[in-house]
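> Sharing input37.cif, mmCIF, C-alpha atoms:
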```
data_my_file
loop_
_atom_site.label_atom_id
_atom_site.label_comp_id
_atom_site.auth_asym_id
_atom_site.auth_seq_id
_atom_site.Cartn_x
_atom_site.Cartn_y
_atom_site.Cartn_z
CA MET A 1 8.60 -9.23 10.08
CA SER A 2 5.35 -9.29 12.03
CA ASP A 3 2.21 -7.46 10.90
CA LYS A 4 2.67 -5.05 13.81
CA GLU A 5 6.26 -4.26 12.80
CA LEU A 6 5.20 -3.81 9.18
CA LEU A 7 2.43 -1.43 10.22
CA GLU A 8 4.87 0.56 12.39
CA LEU A 9 7.20 0.87 9.40
CA ALA A 10 4.28 2.13 7.28
CA LYS A 11 3.44 4.68 9.98
CA SER A 12 7.03 5.91 10.01
CA MET A 13 6.79 6.64 6.29
CA CYS A 14 3.95 9.13 6.82
CA SER A 15 6.50 11.74 7.86
CA LYS A 16 8.11 11.53 4.42
CA ALA A 17 4.86 12.18 2.54
CA TYR A 18 4.55 15.21 0.28
CA ALA A 19 0.92 16.21 0.88
CA PRO A 20 0.65 20.03 0.66
CA TYR A 21 -2.84 19.89 -0.88
CA SER A 22 -4.76 17.28 1.11
CA HIS A 23 -2.57 17.37 4.24
CA PHE A 24 -3.36 13.63 4.43
CA GLN A 25 -0.08 11.80 4.90
CA VAL A 26 0.01 8.08 4.11
CA GLY A 27 2.78 5.52 4.44
CA ALA A 28 3.10 1.97 3.18
CA ALA A 29 5.42 -0.97 3.75
CA LEU A 30 5.46 -3.90 1.33
CA VAL A 31 6.88 -7.42 1.72
CA THR A 32 8.02 -9.32 -1.37
CA LYS A 33 7.65 -13.09 -1.65
CA ASP A 34 11.39 -13.41 -0.83
CA GLY A 35 11.01 -11.30 2.32
CA SER A 36 12.48 -8.02 1.05
CA VAL A 37 10.72 -4.89 2.35
CA TYR A 38 9.99 -1.73 0.36
CA THR A 39 8.41 1.44 1.70
CA GLY A 40 6.51 4.32 0.17
CA CYS A 41 4.62 7.50 0.96
CA ASN A 42 2.07 9.54 -0.93
CA ILE A 43 3.43 12.22 -3.25
CA GLU A 44 0.91 14.85 -4.32
CA ASN A 45 0.95 17.21 -7.27
CA ALA A 46 -1.05 20.32 -8.17
CA SER A 47 -2.40 18.24 -11.05
CA TYR A 48 -4.13 15.66 -8.85
CA GLY A 49 -3.94 13.00 -11.57
CA ALA A 50 -0.16 13.11 -11.21
CA THR A 51 -0.39 12.26 -7.51
CA ASN A 52 0.98 8.89 -6.43
CA CYS A 53 -0.34 7.01 -3.41
CA ALA A 54 1.94 5.43 -0.82
CA GLU A 55 0.97 1.90 -1.84
CA ARG A 56 1.88 2.43 -5.48
CA THR A 57 5.11 4.19 -4.52
CA ALA A 58 6.20 1.11 -2.54
CA ILE A 59 5.05 -1.33 -5.24
CA PHE A 60 6.68 0.60 -8.08
CA LYS A 61 9.95 0.83 -6.13
CA ALA A 62 9.92 -2.94 -5.69
CA VAL A 63 8.98 -3.63 -9.31
CA SER A 64 11.75 -1.31 -10.50
CA GLU A 65 14.19 -3.47 -8.49
CA GLY A 66 12.99 -6.67 -10.22
CA HIS A 67 10.35 -7.96 -7.80
CA ARG A 68 7.03 -9.09 -9.22
CA HIS A 69 5.31 -10.99 -6.40
CA PHE A 70 4.31 -9.56 -3.03
CA SER A 71 2.76 -11.17 0.02
CA ARG A 72 1.72 -8.29 2.32
CA ILE A 73 1.36 -4.55 2.38
CA ALA A 74 0.66 -2.37 5.40
CA VAL A 75 -0.94 1.04 4.93
CA ALA A 76 -1.16 3.77 7.58
CA ALA A 77 -2.45 7.33 7.74
CA GLY A 78 -0.51 10.02 9.56
CA ASP A 79 -3.63 11.19 11.38
CA GLY A 80 -4.30 7.72 12.80
CA SER A 81 -7.43 7.07 10.73
CA THR A 82 -7.89 3.81 8.84
CA ALA A 83 -6.27 4.22 5.42
CA TYR A 84 -8.07 1.89 3.03
CA PRO A 85 -6.36 1.70 -0.39
CA CYS A 86 -8.03 3.51 -3.28
CA GLY A 87 -9.31 1.69 -6.36
CA ILE A 88 -6.23 2.44 -8.46
CA CYS A 89 -3.94 1.07 -5.75
CA LEU A 90 -6.11 -2.01 -5.37
CA GLN A 91 -5.91 -2.66 -9.10
CA VAL A 92 -2.10 -2.37 -8.97
CA MET A 93 -2.10 -4.74 -5.98
CA ASN A 94 -4.29 -7.11 -7.97
CA GLU A 95 -1.62 -7.16 -10.68
CA PHE A 96 1.22 -8.16 -8.35
CA MET A 97 -0.37 -9.66 -5.23
CA SER A 98 -3.91 -10.83 -5.94
CA ASP A 99 -3.48 -13.48 -3.24
CA GLY A 100 -1.75 -11.01 -0.91
CA LYS A 101 -2.83 -9.40 2.34
CA VAL A 102 -3.53 -5.75 3.14
CA ILE A 103 -2.79 -4.81 6.75
CA LEU A 104 -4.45 -1.76 8.31
CA GLU A 105 -5.05 -0.34 11.75
CA ASP A 106 -8.65 0.30 12.79
CA ASN A 107 -9.25 1.91 16.19
CA GLY A 108 -5.99 0.52 17.52
CA ASN A 109 -6.63 -3.00 16.20
CA ILE A 110 -4.65 -4.57 13.38
CA VAL A 111 -7.00 -5.79 10.66
CA GLU A 112 -6.12 -7.86 7.63
CA TYR A 113 -7.89 -8.20 4.29
CA GLU A 114 -7.17 -10.16 1.15
CA VAL A 115 -6.74 -7.97 -1.92
CA ARG A 116 -9.60 -9.96 -3.50
CA GLU A 117 -11.90 -8.92 -0.64
CA LEU A 118 -11.23 -5.24 -1.26
CA LEU A 119 -11.33 -5.56 -5.08
CA PRO A 120 -13.52 -8.58 -5.87
CA HIS A 121 -13.70 -8.03 -9.65
CA GLY A 122 -10.28 -6.62 -10.53
CA PHE A 123 -8.92 -6.69 -14.05
CA THR A 124 -6.40 -9.42 -14.91
CA LEU A 125 -4.24 -10.35 -17.87
CA VAL A 126 -6.17 -13.56 -18.45
#
```
Go ahead and express the file in the form of structure tokens.


Amino acid sequence: MSDKELLELAKSMCSKAYAPYSHFQVGAALVTKDGSVYTGCNIENASYGATNCAERTAIFKAVSEGHRHFSRIAVAAGDGSTAYPCGICLQVMNEFMSDGKVILEDNGNIVEYEVRELLPHGFTLV
């Protein structure tokens, strides 16, 4: 799957988001090291701490199915803005894909970052 196709899949997930508080819909599409694809959307809650971002939804779905290593994740906002992952999502990415790529759209251009670029001093087991 190309970066463009992955980003389009992430965009399609925005429509599934549950965002009655922020009205900011986000979708994500994740590729495992074996090529499987998992998707996610943000799911808000009146207790904001219970909210789950699209990236973590996709990662947790994949982990719950036995995957532990991911190569790429695309993240898209429903309003077309650039949807950089939050710190919590970056830390979860660091756990499972520290050498992975984050794919975003910025003003119509596909941009790619390494997780380490976005979270240079993330916590690790070692």

> Can you work out the spacing between CA of Ala74 in chain A and CA of Leu7 in chain A in Å, to one decimal?

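One can read the CA of Ala74 in chain A to CA of Leu7 in chain A distance as 5.2 Å.
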
> A:Ala77, A:Met97, A:Ile43, A:Ala29: which is nearest Ala58 in chain A, counting only C-alpha atoms?

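Selected residue with least distance to Ala58 in chain A: A:Ala29.
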
> Near range 60-64 of chain A, within 10 Å and counting all atoms listed in the file, which residues show up once chain neighbours fewer than 6 positions away are dropped, as a list in words?

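Near neighbours after the sequence-gap exclusion: Leu30, Val31, Thr32, Ser36, Val37, Tyr38, Thr39, Gly40, Ala54, Phe70, Val92 and Phe96 of chain A.
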
> Just want the 12 Å neighbourhood of range 119-126 of chain A, counted on all atoms listed in the file, with same-chain residues fewer than 5 positions away dropped. Output as a compact mmCIF listing (two decimals) with C-alpha atoms, keeping the file's coordinate frame.


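Output saved as out.txt:
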```
# COMPACT_ATOMS: atom_id res chain seq x y z
CA TYR A 84 -8.07 1.89 3.03
CA PRO A 85 -6.36 1.70 -0.39
CA CYS A 86 -8.03 3.51 -3.28
CA GLY A 87 -9.31 1.69 -6.36
CA ILE A 88 -6.23 2.44 -8.46
CA CYS A 89 -3.94 1.07 -5.75
CA LEU A 90 -6.11 -2.01 -5.37
CA GLN A 91 -5.91 -2.66 -9.10
CA VAL A 92 -2.10 -2.37 -8.97
CA MET A 93 -2.10 -4.74 -5.98
CA ASN A 94 -4.29 -7.11 -7.97
CA GLU A 95 -1.62 -7.16 -10.68
CA PHE A 96 1.22 -8.16 -8.35
CA MET A 97 -0.37 -9.66 -5.23
CA SER A 98 -3.91 -10.83 -5.94
CA ASP A 99 -3.48 -13.48 -3.24
CA GLY A 100 -1.75 -11.01 -0.91
CA LYS A 101 -2.83 -9.40 2.34
CA VAL A 102 -3.53 -5.75 3.14
CA TYR A 113 -7.89 -8.20 4.29
CA GLU A 114 -7.17 -10.16 1.15
```

> Rounded to one decimal, what separation in Å do you get between CA of Glu8 in chain A and CA of Val75 in chain A?

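Separating CA of Glu8 in chain A from CA of Val75 in chain A is a distance of 9.5 Å.
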
> Using all atoms listed in the file, which residue out of A:Ser2, A:Asn107, A:Ser12, A:Gln25 lies closest to Gly78 in chain A?

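Looking at the shortest contact to Gly78 in chain A, the residue is A:Gln25.
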
> Applying the PyMOL selection byres ((chain A and resi 104) around 7) to the file I just gave you, which residues come out? Please list them as a list in words.

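Taken over the shown coordinates, the PyMOL selection byres ((chain A and resi 104) around 7) returns Ala74, Val75, Ala76, Thr82, Ala83, Val102, Ile103, Glu105, Asp106, Ile110, Val111 and Glu112 of chain A.
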
> Pick the closest to Arg72 in chain A from A:Leu6, A:Ala46, A:Cys14, A:Val26: which is it, counting all atoms listed in the file?

A:Leu6

> Have a look at CA of Ala19 in chain A and CA of Asn42 in chain A and let me know their distance in Å, one decimal.

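Distance reported for this atom pair: 7.0 Å.
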
> From the list A:Ile59, A:Gly49, A:Gly27, A:Tyr21, which residue is nearest Gly80 in chain A when using all atoms listed in the file?

A:Gly27

> Using all atoms listed in the file, pick whichever of A:Ser15, A:Ser22, A:Leu118, A:Ala10 has the shortest atom-to-atom distance to Thr51 in chain A.

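With all atoms listed in the file as the atom set, the closest residue is A:Ser22.
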
> Taking into account only C-alpha atoms, which residue in the set A:Thr57, A:Glu65, A:Phe24, A:Ser71 is nearest to Val115 in chain A?

A:Ser71
